[in-house]
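Asker: Please see the structure below; I have some questions.
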Amino acid sequence: MPARLLSEDEPFFREWKRHHGPMVRSRQRAALLAETVGIDRDPAVPVIGVVGSKGKGTTVAAATQQLRRLGLNVGTVSSPPFITNLERIRFNGEPISLKDYTELGQVLSDAIQQLPPVEETDGYLAPTGCFTLMGAHYLLERGADVLVIEEGLGGATDEISQFRLDTLVVTPVFLEHEGVIGDTIEEIAWNLVGAGDRRTERVVTLEAQDPVAIRAIEVLLPQAHVLRVPSPEDLGFGPLTSANIAAGYTAALAAHHRADTLEDLPALDLSGARHLQLPGRSSFLLHNGAPWFLDAAISREGFQAALAAVSAHSDFRGARYLVCLPDIKDITRIIDVVDKDRTTLVRTHEDHLTFENYPEDWAQASFEDAVRDAETSGDPVVCLGTMSFAAEMAERMGLDVDRWWVEDPSAAETGVER
């Protein structure tokens, strides 16, 4: 959930609020919605899909930025947001206006009323699916030259799979969302890669990708050309985030040039990374006069990557840790990589989480108490956990979540006017 809900969100969450629990999300019903609205899931413009366990948001932002540098009008659907759901739908990196969002919600509301009762289909419309479908529809209607779509939750089981994905980016695959999109890393990898189909022309992934994910790509998408991106030098965001930036840039170039190998691409220019701002994604910040680090990591691998980024900065010696994790099975496997004596497990305002899996022998506190104590300590602080936790931190710290880059790289570097 974002830090702040809007009344205009209602149509997107309507069926989930009424039916989740006894029923499940329905791709069949989502397809009916697409047909009712007239959403083009096989558009004339290129479509880049982004799936994975860690780094999707970074990859999406980087791909969007690179496509703008190429002079294209870019429509982007990302998930989840930080402050409001307006952030999910972006044209040329800028969030949808409240006016357009309200009108889009009305189109969705009208279409829902034309659908058969939920009880007559195999489930309800998931909020993430509504944002994916309606966001793509809005962006195509607005004149996007290319779409960049991030999975909502999963690949084959997510509404992203209803689109023709010419280019599929697979970010690092970990044992994340265990029990939701799969019970093993093999099941998770197959679900994620299953977003693509026989129309997928190329897959962009990291050279360091898990072999299980590579196998899923080879089996599920045998016709696709696989571009494996080597990890660059640290771009100032830590090794993993830097690699995902490189993957995003590569995907944008590959989609634009219809490249089948890395050798078919122009030299990769990573200088644009200095313009990127990625709140909640390996973010190094100054807050209340002390260094803070914020990253939405909820797996052991994600924690390790974040700590590797922090370890390169001497300012974070002796740091406190604020950690907020969802109700997953093996929390101890994740938190044992941080210093127990300097860590507080945080309970946020997420009504869908119970935090009952927190081990009793670790310090725990509410969001307000934990953050206030950290702020008054003057110590460096490392914040790791759910997107909702990152969203609450972003709002508290007053971060600019509307812009993915600090200046318009297209205008600065290619002379494109906006």
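Following the order of the structure tokens, first chain is A, next is B, and so on, with residues numbered from 1 inside each chain and ligands from 1 in the order they appear.
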I'd like the contact shell of Ile334 (chain A) - 8 Å cut-off, only C-alpha atoms, skipping same-chain residues fewer than 3 positions apart - returned as an mmCIF file with C-alpha atoms, in the first residue's frame.
Answerer:
```cif
data_model
loop_
_atom_site.group_PDB
_atom_site.id
_atom_site.type_symbol
_atom_site.label_atom_id
_atom_site.label_comp_id
_atom_site.auth_asym_id
_atom_site.auth_seq_id
_atom_site.Cartn_x
_atom_site.Cartn_y
_atom_site.Cartn_z
ATOM 1 C CA ILE A 298 12.602 -8.343 1.884
ATOM 2 C CA SER A 299 14.841 -11.334 1.120
ATOM 3 C CA ARG A 300 18.173 -12.538 2.468
ATOM 4 C CA PHE A 303 19.543 -7.632 2.557
ATOM 5 C CA ASP A 330 11.572 -17.857 7.720
ATOM 6 C CA ILE A 331 12.267 -14.337 8.921
ATOM 7 C CA VAL A 337 22.685 -10.953 8.401
#
```
Asker: Taking 6 positions as the minimum chain separation for residues in the same chain, which residues sit within 9 Å of Gly49 (chain A) when counting only C-alpha atoms? Answer as an MDAnalysis selection string.
Answerer: chainID A and resid 60 147:151 160:161 163:170 195:196
Asker: Keeping C-alpha atoms, export the residues of the selection given above as a compact mmCIF listing (two decimals), in the first residue's frame.
Answerer:
```
# COMPACT_ATOMS: atom_id res chain seq x y z
CA VAL A 60 11.94 0.36 -15.08
CA LEU A 147 5.45 0.93 -23.19
CA VAL A 148 7.44 -0.20 -20.16
CA ILE A 149 5.38 -2.43 -17.86
CA GLU A 150 6.47 -3.77 -14.48
CA GLU A 151 4.79 -6.89 -13.13
CA ILE A 160 1.51 -8.37 -17.50
CA SER A 161 1.32 -11.71 -19.28
CA PHE A 163 0.44 -8.17 -23.22
CA ARG A 164 2.75 -9.00 -26.10
CA LEU A 165 6.17 -8.40 -24.57
CA ASP A 166 8.71 -7.92 -27.36
CA THR A 167 11.45 -7.48 -24.77
CA LEU A 168 11.34 -9.17 -21.36
CA VAL A 169 13.74 -8.08 -18.64
CA VAL A 170 14.35 -10.59 -15.86
CA ALA A 195 5.16 -13.45 -18.45
CA GLY A 196 6.62 -13.86 -21.92
```
Asker: Choose the residue, out of A:Ala390, A:Val77, A:Val229, A:Ala252, that has the smallest atom-to-atom separation from Gly93 (chain A); count only C-alpha atoms.
Answerer: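 Ranked by minimum distance to Gly93 (chain A), first place goes to A:Val77.
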Asker: What's around region 235-248 of chain A at 6 Å? Count only C-alpha atoms, leave out sequence neighbours fewer than 5 positions away in its own chain, and write the answer as an MDAnalysis selection string.
Answerer: chainID A and resid 55 59 62:63 282 309
Asker: Using C-alpha atoms, can you export the residues from the last selection as a CSV table (one decimal), in the first residue's frame?
Answerer:
```csv
chain,number,residue,atom,x,y,z
A,55,GLY,CA,15.5,-4.4,-8.8
A,59,THR,CA,15.2,-1.2,-14.1
A,62,ALA,CA,16.4,3.4,-16.0
A,63,ALA,CA,14.7,2.0,-19.1
A,282,SER,CA,19.6,1.9,-2.4
A,309,ALA,CA,26.2,-1.1,-0.8
```
Asker: Show which residues sit within 10 Å of Val173 (chain A), as a list in words. Count only C-alpha atoms, and ignore same-chain residues fewer than 6 positions away.
Answerer: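 Neighbouring residues, sequence-local ones excluded: Val51, Gly52, Ser53, Lys54, Gly55, Ile185, Glu186, Ile188, Ala189, Leu192, Val193, Gln209, Asp210, Pro211, Val212, Ala213, Ile214 and Glu301 of chain A.
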Asker: With all heavy atoms retained, could you export that selection as a compact mmCIF listing (two decimals), in the first residue's frame?
Answerer:
```
# COMPACT_ATOMS: atom_id res chain seq x y z
N VAL A 51 10.19 -8.21 -15.02
CA VAL A 51 9.82 -9.13 -13.93
C VAL A 51 11.09 -9.45 -13.14
O VAL A 51 12.20 -9.21 -13.59
CB VAL A 51 9.18 -10.43 -14.48
CG1 VAL A 51 7.93 -10.15 -15.28
CG2 VAL A 51 10.19 -11.22 -15.32
N GLY A 52 10.91 -10.02 -11.95
CA GLY A 52 12.05 -10.42 -11.15
C GLY A 52 11.76 -10.29 -9.67
O GLY A 52 10.67 -9.87 -9.27
N SER A 53 12.74 -10.62 -8.85
CA SER A 53 12.58 -10.57 -7.40
C SER A 53 13.12 -9.29 -6.79
O SER A 53 12.63 -8.83 -5.76
CB SER A 53 13.29 -11.76 -6.74
OG SER A 53 12.78 -12.98 -7.22
N LYS A 54 14.11 -8.69 -7.41
CA LYS A 54 14.75 -7.51 -6.84
C LYS A 54 15.26 -6.61 -7.96
O LYS A 54 15.90 -7.09 -8.90
CB LYS A 54 15.92 -7.93 -5.94
CG LYS A 54 16.67 -6.79 -5.28
CD LYS A 54 15.82 -6.03 -4.29
CE LYS A 54 16.64 -4.97 -3.57
NZ LYS A 54 15.80 -4.05 -2.78
N GLY A 55 14.95 -5.33 -7.87
CA GLY A 55 15.49 -4.37 -8.82
C GLY A 55 14.59 -4.00 -9.96
O GLY A 55 15.00 -3.29 -10.88
N ILE A 185 12.36 -21.65 -5.47
CA ILE A 185 12.93 -20.70 -6.43
C ILE A 185 12.65 -21.14 -7.86
O ILE A 185 12.47 -20.32 -8.76
CB ILE A 185 14.45 -20.50 -6.19
CG1 ILE A 185 14.95 -19.33 -7.03
CG2 ILE A 185 15.21 -21.78 -6.47
CD1 ILE A 185 16.36 -18.88 -6.67
N GLU A 186 12.54 -22.46 -8.07
CA GLU A 186 12.21 -22.96 -9.41
C GLU A 186 10.81 -22.51 -9.81
O GLU A 186 10.59 -22.02 -10.92
CB GLU A 186 12.32 -24.49 -9.45
CG GLU A 186 13.73 -25.03 -9.39
CD GLU A 186 14.28 -25.10 -7.97
OE1 GLU A 186 13.51 -24.80 -7.01
OE2 GLU A 186 15.47 -25.42 -7.81
N ILE A 188 9.10 -20.01 -8.59
CA ILE A 188 9.08 -18.55 -8.72
C ILE A 188 9.67 -18.13 -10.06
O ILE A 188 9.11 -17.28 -10.77
CB ILE A 188 9.85 -17.91 -7.55
CG1 ILE A 188 9.07 -18.12 -6.24
CG2 ILE A 188 10.11 -16.43 -7.79
CD1 ILE A 188 9.83 -17.76 -4.99
N ALA A 189 10.80 -18.73 -10.44
CA ALA A 189 11.44 -18.39 -11.72
C ALA A 189 10.53 -18.70 -12.90
O ALA A 189 10.40 -17.89 -13.83
CB ALA A 189 12.77 -19.13 -11.85
N LEU A 192 7.70 -16.12 -13.09
CA LEU A 192 8.16 -14.82 -13.56
C LEU A 192 8.46 -14.83 -15.06
O LEU A 192 7.98 -13.98 -15.81
CB LEU A 192 9.39 -14.38 -12.78
CG LEU A 192 9.17 -14.06 -11.29
CD1 LEU A 192 10.49 -13.87 -10.57
CD2 LEU A 192 8.29 -12.83 -11.13
N VAL A 193 9.24 -15.79 -15.50
CA VAL A 193 9.60 -15.87 -16.92
C VAL A 193 8.37 -16.16 -17.78
O VAL A 193 8.31 -15.76 -18.95
CB VAL A 193 10.69 -16.95 -17.13
CG1 VAL A 193 10.99 -17.14 -18.62
CG2 VAL A 193 11.96 -16.57 -16.38
N GLN A 209 22.82 -13.82 -13.23
CA GLN A 209 21.50 -14.36 -12.91
C GLN A 209 21.59 -15.79 -12.39
O GLN A 209 22.47 -16.57 -12.78
CB GLN A 209 20.62 -14.33 -14.17
CG GLN A 209 19.21 -14.85 -14.00
CD GLN A 209 18.39 -14.03 -13.02
OE1 GLN A 209 18.39 -14.31 -11.83
NE2 GLN A 209 17.69 -13.02 -13.54
N ASP A 210 20.66 -16.16 -11.51
CA ASP A 210 20.61 -17.52 -10.97
C ASP A 210 20.41 -18.52 -12.10
O ASP A 210 19.56 -18.31 -12.98
CB ASP A 210 19.45 -17.63 -9.97
CG ASP A 210 19.51 -18.91 -9.16
OD1 ASP A 210 19.36 -20.00 -9.75
OD2 ASP A 210 19.67 -18.83 -7.93
N PRO A 211 21.16 -19.62 -12.12
CA PRO A 211 21.02 -20.62 -13.18
C PRO A 211 19.60 -21.17 -13.32
O PRO A 211 19.19 -21.57 -14.41
CB PRO A 211 22.00 -21.73 -12.76
CG PRO A 211 23.01 -21.04 -11.91
CD PRO A 211 22.26 -19.96 -11.19
N VAL A 212 18.85 -21.18 -12.22
CA VAL A 212 17.47 -21.65 -12.28
C VAL A 212 16.64 -20.75 -13.20
O VAL A 212 15.81 -21.22 -13.98
CB VAL A 212 16.85 -21.70 -10.87
CG1 VAL A 212 15.35 -21.98 -10.94
CG2 VAL A 212 17.54 -22.77 -10.03
N ALA A 213 16.86 -19.44 -13.10
CA ALA A 213 16.13 -18.51 -13.96
C ALA A 213 16.57 -18.63 -15.41
O ALA A 213 15.76 -18.55 -16.33
CB ALA A 213 16.33 -17.08 -13.46
N ILE A 214 17.87 -18.84 -15.63
CA ILE A 214 18.37 -19.03 -17.00
C ILE A 214 17.73 -20.26 -17.62
O ILE A 214 17.32 -20.25 -18.79
CB ILE A 214 19.90 -19.15 -17.01
CG1 ILE A 214 20.55 -17.85 -16.50
CG2 ILE A 214 20.40 -19.50 -18.40
CD1 ILE A 214 20.24 -16.63 -17.35
N GLU A 301 18.90 -12.31 0.16
CA GLU A 301 19.77 -11.81 -0.89
C GLU A 301 19.66 -10.30 -1.04
O GLU A 301 20.65 -9.60 -1.26
CB GLU A 301 19.44 -12.49 -2.22
CG GLU A 301 19.71 -13.97 -2.26
CD GLU A 301 18.58 -14.82 -1.68
OE1 GLU A 301 17.61 -14.25 -1.12
OE2 GLU A 301 18.65 -16.06 -1.79
```
